[in-house]
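Below is structure_11.txt, which holds compact mmCIF, C-alpha atoms and all ligand atoms.
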# COMPACT_ATOMS: atom_id res chain seq x y z
CA MET A 1 -68.54 -78.70 -2.24
CA ASP A 2 -67.78 -80.19 -5.67
CA ARG A 3 -64.08 -79.56 -6.31
CA ALA A 4 -64.02 -80.61 -9.97
CA GLY A 5 -61.68 -78.16 -11.67
CA LYS A 6 -63.12 -75.49 -13.96
CA GLY A 7 -59.82 -74.56 -15.63
CA ILE A 8 -58.70 -71.21 -17.00
CA HIS A 9 -60.84 -68.07 -16.57
CA HIS A 10 -58.82 -65.52 -18.59
CA ILE A 11 -55.26 -64.77 -19.68
CA THR A 12 -53.90 -61.22 -19.60
CA VAL A 13 -51.09 -60.06 -21.86
CA LEU A 14 -48.90 -56.95 -22.02
CA GLY A 15 -49.65 -55.56 -25.46
CA GLY A 16 -48.23 -52.94 -27.79
CA ASP A 17 -50.45 -50.81 -29.99
CA GLY A 18 -54.11 -51.26 -28.99
CA GLN A 19 -55.49 -50.73 -32.48
CA ARG A 20 -53.08 -53.25 -33.99
CA THR A 21 -53.96 -55.78 -31.28
CA THR A 22 -57.68 -55.19 -31.90
CA ASP A 23 -57.28 -55.59 -35.66
CA PHE A 24 -55.39 -58.85 -35.21
CA TYR A 25 -57.62 -60.54 -32.63
CA VAL A 26 -60.91 -59.37 -34.17
CA LYS A 27 -60.21 -59.31 -37.91
CA THR A 28 -57.61 -62.07 -38.28
CA LEU A 29 -58.58 -64.47 -35.47
CA GLY A 30 -62.30 -63.63 -35.43
CA LEU A 31 -62.69 -62.94 -31.72
CA ARG A 32 -65.15 -60.44 -30.29
CA LEU A 33 -64.03 -57.29 -28.45
CA ILE A 34 -66.49 -57.49 -25.55
CA MET A 35 -65.00 -55.05 -23.06
CA LYS A 36 -63.11 -51.83 -23.66
CA THR A 37 -62.06 -50.47 -20.30
CA ILE A 38 -59.00 -49.19 -18.47
CA ASN A 39 -56.45 -50.96 -16.32
CA GLN A 40 -58.15 -50.55 -12.94
CA ASP A 41 -54.68 -50.08 -11.38
CA ASP A 42 -53.59 -47.50 -14.02
CA PRO A 43 -56.45 -45.68 -15.81
CA SER A 44 -54.09 -44.16 -18.41
CA VAL A 45 -53.85 -47.60 -20.07
CA TYR A 46 -56.62 -49.51 -21.82
CA HIS A 47 -57.72 -52.99 -20.79
CA LEU A 48 -59.18 -54.82 -23.80
CA PHE A 49 -61.05 -58.15 -23.56
CA PHE A 50 -61.42 -60.45 -26.57
CA VAL A 51 -63.76 -63.44 -26.28
CA ASN A 52 -65.48 -66.22 -28.20
CA GLY A 53 -68.85 -64.48 -28.55
CA THR A 54 -70.63 -65.06 -25.27
CA GLY A 55 -67.63 -64.16 -23.13
CA GLN A 56 -68.03 -67.29 -21.05
CA PRO A 57 -65.26 -67.97 -18.52
CA GLY A 58 -62.40 -69.71 -20.33
CA SER A 59 -62.59 -67.57 -23.45
CA SER A 60 -61.15 -64.14 -22.56
CA ILE A 61 -57.71 -63.07 -23.72
CA THR A 62 -57.15 -59.58 -22.36
CA PHE A 63 -54.51 -56.92 -23.07
CA PHE A 64 -52.93 -53.93 -21.41
CA PRO A 65 -51.82 -52.18 -24.62
CA TRP A 66 -48.86 -49.93 -24.03
CA PRO A 67 -47.30 -48.76 -27.32
CA MET A 68 -44.12 -47.51 -25.62
CA ALA A 69 -43.43 -50.80 -23.83
CA VAL A 70 -40.15 -52.56 -24.49
CA GLN A 71 -40.32 -55.79 -26.47
CA GLY A 72 -40.73 -58.67 -24.02
CA LYS A 73 -38.89 -61.95 -24.25
CA PRO A 74 -40.10 -65.39 -23.20
CA GLY A 75 -38.25 -67.09 -20.36
CA SER A 76 -38.63 -69.52 -17.50
CA GLY A 77 -41.28 -68.50 -14.99
CA GLN A 78 -43.63 -67.29 -17.73
CA ALA A 79 -46.70 -68.47 -19.59
CA THR A 80 -45.00 -68.70 -22.98
CA ALA A 81 -47.85 -69.86 -25.22
CA VAL A 82 -51.59 -69.21 -25.34
CA SER A 83 -53.65 -71.94 -27.03
CA PHE A 84 -57.09 -71.54 -28.56
CA ALA A 85 -59.47 -74.46 -29.13
CA VAL A 86 -60.93 -74.90 -32.62
CA PRO A 87 -62.89 -77.77 -34.19
CA ALA A 88 -60.88 -80.83 -35.16
CA ASP A 89 -61.65 -80.64 -38.88
CA SER A 90 -60.65 -76.97 -39.27
CA VAL A 91 -56.93 -77.58 -39.87
CA HIS A 92 -57.11 -76.86 -43.58
CA PHE A 93 -59.24 -73.74 -43.08
CA TRP A 94 -56.83 -72.20 -40.58
CA ALA A 95 -53.69 -73.10 -42.53
CA GLU A 96 -55.18 -71.34 -45.55
CA ARG A 97 -56.37 -68.35 -43.53
CA LEU A 98 -53.06 -67.76 -41.77
CA SER A 99 -51.23 -68.08 -45.11
CA ALA A 100 -53.64 -65.62 -46.73
CA GLU A 101 -52.94 -63.17 -43.87
CA GLY A 102 -49.21 -63.50 -44.54
CA LEU A 103 -48.52 -65.19 -41.20
CA ASP A 104 -45.77 -67.79 -40.85
CA PHE A 105 -46.82 -70.80 -38.83
CA ASP A 106 -45.41 -74.10 -37.60
CA GLY A 107 -47.39 -77.29 -38.02
CA PRO A 108 -49.74 -78.88 -37.98
CA PHE A 109 -47.85 -81.10 -35.54
CA GLU A 110 -49.21 -83.57 -33.02
CA ARG A 111 -49.03 -83.01 -29.26
CA PHE A 112 -50.88 -85.06 -26.65
CA GLY A 113 -53.01 -86.57 -29.42
CA LYS A 114 -54.17 -83.26 -30.95
CA GLN A 115 -53.09 -81.40 -34.08
CA VAL A 116 -51.53 -78.01 -33.28
CA ILE A 117 -50.60 -74.97 -35.38
CA SER A 118 -48.32 -72.37 -33.80
CA PHE A 119 -47.72 -68.75 -34.84
CA LEU A 120 -46.91 -65.31 -33.41
CA ASP A 121 -49.19 -62.38 -32.70
CA PRO A 122 -48.08 -58.83 -33.73
CA ASP A 123 -46.16 -58.43 -30.44
CA LEU A 124 -44.47 -61.83 -30.86
CA LEU A 125 -46.56 -63.72 -28.30
CA THR A 126 -46.70 -67.41 -29.26
CA LEU A 127 -50.28 -68.46 -30.05
CA GLU A 128 -51.51 -71.94 -30.87
CA LEU A 129 -54.61 -73.39 -32.42
CA VAL A 130 -55.39 -76.82 -30.97
CA PHE A 131 -57.75 -78.85 -33.14
CA ASP A 132 -59.96 -80.60 -30.63
CA GLU A 133 -63.11 -82.57 -31.43
CA THR A 134 -64.49 -81.97 -27.93
CA VAL A 135 -65.14 -78.28 -28.69
CA ASP A 136 -67.16 -78.84 -31.86
CA ALA A 137 -70.40 -78.47 -29.90
CA VAL A 138 -69.38 -75.17 -28.24
CA GLY A 139 -70.77 -72.18 -30.12
CA ALA A 140 -68.52 -69.63 -31.82
CA TRP A 141 -69.32 -65.97 -32.49
CA ASP A 142 -71.94 -65.60 -35.24
CA ASP A 143 -70.79 -62.09 -36.26
CA SER A 144 -67.16 -63.14 -36.56
CA SER A 145 -64.97 -62.62 -39.61
CA VAL A 146 -64.31 -66.38 -39.32
CA PRO A 147 -67.17 -68.73 -40.31
CA ALA A 148 -68.76 -70.06 -37.10
CA GLU A 149 -68.04 -73.70 -38.01
CA HIS A 150 -64.28 -72.98 -37.83
CA GLY A 151 -64.31 -70.25 -35.18
CA ILE A 152 -62.28 -70.10 -31.98
CA ARG A 153 -64.33 -71.61 -29.13
CA GLY A 154 -62.21 -70.19 -26.32
CA PHE A 155 -58.92 -71.28 -24.80
CA TRP A 156 -57.63 -74.79 -25.11
CA GLY A 157 -55.03 -73.90 -22.50
CA THR A 158 -51.62 -72.40 -21.94
CA THR A 159 -48.02 -73.54 -21.59
CA LEU A 160 -46.13 -72.51 -18.46
CA GLU A 161 -42.33 -72.77 -18.61
CA MET A 162 -40.50 -73.29 -15.34
CA THR A 163 -37.35 -74.83 -13.95
CA GLY A 164 -39.26 -77.09 -11.53
CA THR A 165 -42.82 -78.15 -12.26
CA ALA A 166 -43.70 -80.31 -9.24
CA GLU A 167 -44.94 -77.59 -6.89
CA THR A 168 -47.05 -75.89 -9.57
CA ALA A 169 -48.51 -79.22 -10.66
CA ASP A 170 -49.41 -79.93 -7.03
CA LEU A 171 -51.08 -76.52 -6.67
CA LEU A 172 -53.08 -76.94 -9.89
CA GLU A 173 -54.25 -80.36 -8.73
CA THR A 174 -55.07 -79.63 -5.08
CA VAL A 175 -56.45 -76.08 -5.35
CA PHE A 176 -57.75 -75.80 -8.92
CA GLY A 177 -58.90 -79.39 -9.46
CA PHE A 178 -56.67 -80.32 -12.43
CA GLU A 179 -55.62 -83.93 -13.00
CA ASN A 180 -52.36 -85.23 -14.41
CA ALA A 181 -53.18 -86.44 -17.93
CA GLY A 182 -49.74 -87.60 -19.03
CA MET A 183 -46.17 -86.63 -19.83
CA ASP A 184 -44.25 -86.22 -23.06
CA GLY A 185 -40.55 -85.48 -22.52
CA PRO A 186 -40.34 -82.24 -20.50
CA LEU A 187 -44.08 -81.59 -20.93
CA THR A 188 -46.72 -82.48 -18.34
CA LEU A 189 -50.38 -82.15 -19.35
CA LEU A 190 -52.82 -81.19 -16.60
CA LYS A 191 -56.51 -81.29 -17.43
CA THR A 192 -59.94 -80.59 -16.07
CA SER A 193 -63.13 -81.89 -17.68
CA GLU A 194 -63.93 -78.41 -19.11
CA THR A 195 -63.88 -78.35 -22.91
CA VAL A 196 -62.95 -74.66 -22.98
CA GLY A 197 -59.87 -73.56 -21.02
CA GLY A 198 -59.50 -76.97 -19.44
CA SER A 199 -55.81 -77.68 -20.06
CA VAL A 200 -52.42 -76.49 -18.83
CA ILE A 201 -49.06 -77.77 -20.08
CA LEU A 202 -46.10 -77.44 -17.73
CA ASN A 203 -42.79 -77.35 -19.58
CA GLN A 204 -39.73 -78.13 -17.46
CA VAL A 205 -36.90 -75.98 -18.84
CA GLU A 206 -33.41 -74.78 -17.98
CA PRO A 207 -33.34 -71.36 -16.29
CA LYS A 208 -33.75 -68.65 -18.93
CA ARG A 209 -34.12 -64.98 -18.15
CA GLY A 210 -37.17 -63.50 -19.85
CA VAL A 211 -37.99 -59.83 -20.22
CA SER A 212 -41.34 -58.44 -19.14
CA GLY A 213 -42.78 -56.27 -21.90
CA ARG A 214 -44.79 -56.32 -25.10
CA GLY A 215 -45.97 -59.79 -26.10
CA VAL A 216 -45.51 -61.38 -22.69
CA VAL A 217 -48.29 -62.90 -20.59
CA HIS A 218 -48.89 -60.84 -17.44
CA HIS A 219 -50.99 -63.40 -15.56
CA VAL A 220 -53.14 -66.50 -15.91
CA ALA A 221 -56.49 -66.52 -14.10
CA PHE A 222 -58.21 -69.71 -12.96
CA ARG A 223 -61.92 -70.10 -12.35
CA ALA A 224 -63.74 -70.14 -9.05
CA ARG A 225 -67.46 -70.90 -9.35
CA ASP A 226 -68.40 -68.22 -6.83
CA SER A 227 -67.07 -66.11 -3.96
CA GLU A 228 -67.32 -69.01 -1.53
CA GLU A 229 -65.06 -71.22 -3.65
CA GLN A 230 -62.71 -68.29 -4.26
CA LEU A 231 -62.28 -67.79 -0.50
CA TRP A 232 -61.63 -71.52 -0.07
CA MET A 233 -59.00 -71.43 -2.84
CA ARG A 234 -57.42 -68.30 -1.35
CA LYS A 235 -57.16 -70.02 2.04
CA GLU A 236 -55.58 -73.13 0.46
CA VAL A 237 -53.04 -70.96 -1.38
CA ALA A 238 -52.17 -69.14 1.86
CA ASN A 239 -51.94 -72.44 3.75
CA SER A 240 -49.37 -73.67 1.23
CA GLY A 241 -47.07 -70.78 2.19
CA LEU A 242 -47.88 -68.45 -0.72
CA SER A 243 -49.11 -64.85 -0.36
CA PRO A 244 -52.48 -64.16 -2.01
CA THR A 245 -53.84 -60.60 -2.19
CA PRO A 246 -57.16 -59.72 -0.59
CA VAL A 247 -60.26 -60.16 -2.80
CA ILE A 248 -60.49 -57.25 -5.28
CA ASP A 249 -63.84 -56.43 -6.91
CA ARG A 250 -63.26 -55.98 -10.67
CA HIS A 251 -67.04 -55.54 -11.16
CA PHE A 252 -67.44 -58.26 -13.82
CA PHE A 253 -65.59 -60.74 -11.58
CA LYS A 254 -63.74 -60.78 -8.27
CA SER A 255 -59.99 -61.33 -8.24
CA VAL A 256 -57.25 -62.65 -5.98
CA TYR A 257 -53.64 -62.64 -7.22
CA PHE A 258 -50.59 -64.58 -6.09
CA GLN A 259 -47.14 -65.52 -7.34
CA SER A 260 -47.15 -69.24 -8.16
CA PRO A 261 -44.20 -71.47 -7.18
CA GLY A 262 -42.97 -71.63 -10.79
CA GLY A 263 -42.86 -67.82 -11.08
CA VAL A 264 -46.02 -67.14 -13.12
CA LEU A 265 -48.49 -64.64 -11.64
CA PHE A 266 -51.77 -66.48 -11.03
CA GLU A 267 -55.22 -65.06 -10.37
CA ILE A 268 -58.34 -66.67 -8.92
CA ALA A 269 -61.35 -65.11 -10.69
CA THR A 270 -65.03 -65.77 -10.01
CA ASP A 271 -67.22 -66.92 -12.91
CA GLY A 272 -69.71 -64.14 -12.26
CA PRO A 273 -71.23 -61.70 -12.53
CA GLY A 274 -69.83 -61.40 -16.08
CA TYR A 275 -69.45 -58.60 -18.62
CA GLY A 276 -73.21 -58.23 -19.12
CA ALA A 277 -73.53 -57.11 -15.49
CA ALA A 278 -71.37 -54.06 -16.21
CA GLN A 279 -72.81 -52.83 -19.52
CA ASP A 280 -75.85 -53.10 -21.75
CA GLU A 281 -75.38 -55.56 -24.63
CA LYS A 282 -75.31 -52.73 -27.20
CA ASP A 283 -72.44 -50.97 -25.38
CA LEU A 284 -70.25 -54.06 -24.88
CA GLY A 285 -66.89 -53.49 -26.55
CA VAL A 286 -68.11 -50.21 -28.05
CA LYS A 287 -68.40 -47.73 -25.20
CA LEU A 288 -65.51 -47.28 -22.75
CA TRP A 289 -66.55 -48.88 -19.48
CA LEU A 290 -65.26 -47.31 -16.29
CA PRO A 291 -65.60 -48.55 -12.73
CA PRO A 292 -68.11 -46.38 -10.81
CA SER A 293 -65.30 -44.76 -8.79
CA LEU A 294 -63.76 -43.31 -12.00
CA GLU A 295 -66.98 -42.25 -13.79
CA ASN A 296 -66.56 -38.62 -12.63
CA ARG A 297 -63.15 -38.51 -14.39
CA ARG A 298 -64.49 -39.95 -17.69
CA ASP A 299 -63.78 -36.85 -19.81
CA MET A 300 -60.16 -36.66 -18.76
CA ILE A 301 -59.59 -40.42 -19.06
CA GLU A 302 -61.15 -40.61 -22.54
CA LYS A 303 -59.09 -37.65 -23.75
CA ARG A 304 -55.82 -39.36 -22.78
CA LEU A 305 -56.62 -42.68 -24.49
CA PRO A 306 -55.94 -43.19 -28.21
CA GLU A 307 -59.03 -44.02 -30.24
CA ILE A 308 -59.65 -47.69 -30.98
CA THR A 309 -62.10 -48.57 -33.75
CA LEU A 310 -63.48 -51.89 -34.93
ZN ZN A 401 -56.84 -60.92 -14.56
Can you present the structure in this file as structure tokens?
Ligand code: ZN
Amino acid sequence: MDRAGKGIHHITVLGGDGQRTTDFYVKTLGLRLIMKTINQDDPSVYHLFFVNGTGQPGSSITFFPWPMAVQGKPGSGQATAVSFAVPADSVHFWAERLSAEGLDFDGPFERFGKQVISFLDPDLLTLELVFDETVDAVGAWDDSSVPAEHGIRGFWGTTLEMTGTAETADLLETVFGFENAGMDGPLTLLKTSETVGGSVILNQVEPKRGVSGRGVVHHVAFRARDSEEQLWMRKEVANSGLSPTPVIDRHFFKSVYFQSPGGVLFEIATDGPGYGAAQDEKDLGVKLWLPPSLENRRDMIEKRLPEITL
């Protein structure tokens, strides 16, 4: 089987207010809400999926919004930054847009040969825009509030902070097909050939206690082409002494979770079947989707959830 790495599948974040998160990611950043569902492990909480338009693997940032959650704090053993890929010549556009939205940002600064702008989302999660000429050809969302020529194409990658990076680097290379693409001080860049979601930065840091809560990444999911590759990856993870869960059917993809050596919760998610397998196009992001096992409790579940409008 071809083991070329496919990179990141999705990144899931603990959110605060669902409406505020939706307003920010849809109206300010121009992403598409493609799936409005519940946390399949806790149906009293939404699970919201924001994507680049098509919802291709490598473009979904997802949230468990929980307004009462304590404010989280970044620390070692966490994914501390989520990076989106935008066209290389969109620096001026985004600097102007973020300023117009009243958002403070750092940059543009250069990192691993790309221009980067960094800012915070409403729950203080660090976001980055990475200006990358390789994503120019990837389509953005036509109905976005951001003109398609400047739109977010999906993830560029994420930064994982940990006290020792060697074991996680080894796992990303041997199981997920990443390659070491260079170092810069405490940073190690690992890359696949995917233009969207293809990069991970490991940041070697001193131990720092983070707090799980609002604005903190819950887990980072990596792509498996299909169930066969997912089972192979799961076996490799188990063989390296880690403890993956059984395969869980999430209906738009299948999931396996495990604690990575650096402390970040990882997931192995299959590329398919995709969001379109769960809902008709016209219902995507509009109608609450429930797994078949919860459909008979729809009335009660809908009543307990706050309304979220676009
Ligand atoms: Zn996930």
**Report entry** Between CA of Pro57 (chain A) and CA of Ile301 (chain A), distance in Å (one decimal)
**Finding:**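 Spanning CA of Pro57 (chain A) to CA of Ile301 (chain A) is a straight-line distance of 28.1 Å.
Interatomic distance, CA of Arg153 (chain A) to CA of Asn52 (chain A): 5.6 Å.
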For ligand ZN 401 (chain A), collect every residue having any atom at a distance of at most 7 Å from a ligand atom (counting all atoms listed in the file); output as a CSV table (one decimal) with C-alpha atoms, keeping the file's coordinate frame.
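Listing of pocket08.csv after writing:
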chain,number,residue,atom,x,y,z
A,10,HIS,CA,-58.8,-65.5,-18.6
A,11,ILE,CA,-55.3,-64.8,-19.7
A,12,THR,CA,-53.9,-61.2,-19.6
A,219,HIS,CA,-51.0,-63.4,-15.6
A,220,VAL,CA,-53.1,-66.5,-15.9
A,221,ALA,CA,-56.5,-66.5,-14.1
A,267,GLU,CA,-55.2,-65.1,-10.4
Report task. Go through A:Pro147, A:Arg111, A:Ser118, A:Glu194 one by one, measure the shortest atom-to-atom distance of each to Val135 (chain A) using all atoms listed in the file, and give the residue with the smallest value. Result ->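 Counting all atoms listed in the file, the residue closest to Val135 (chain A) is A:Glu194.
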Requested in this report: Compare A:Arg209, A:Leu187, A:Ser99, A:Tyr257 by their minimum atom-to-atom distance to Leu160 (chain A), counting only C-alpha atoms, and give me the closest one.
Outcome: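 Among the listed residues, the smallest separation from Leu160 (chain A) belongs to A:Leu187.
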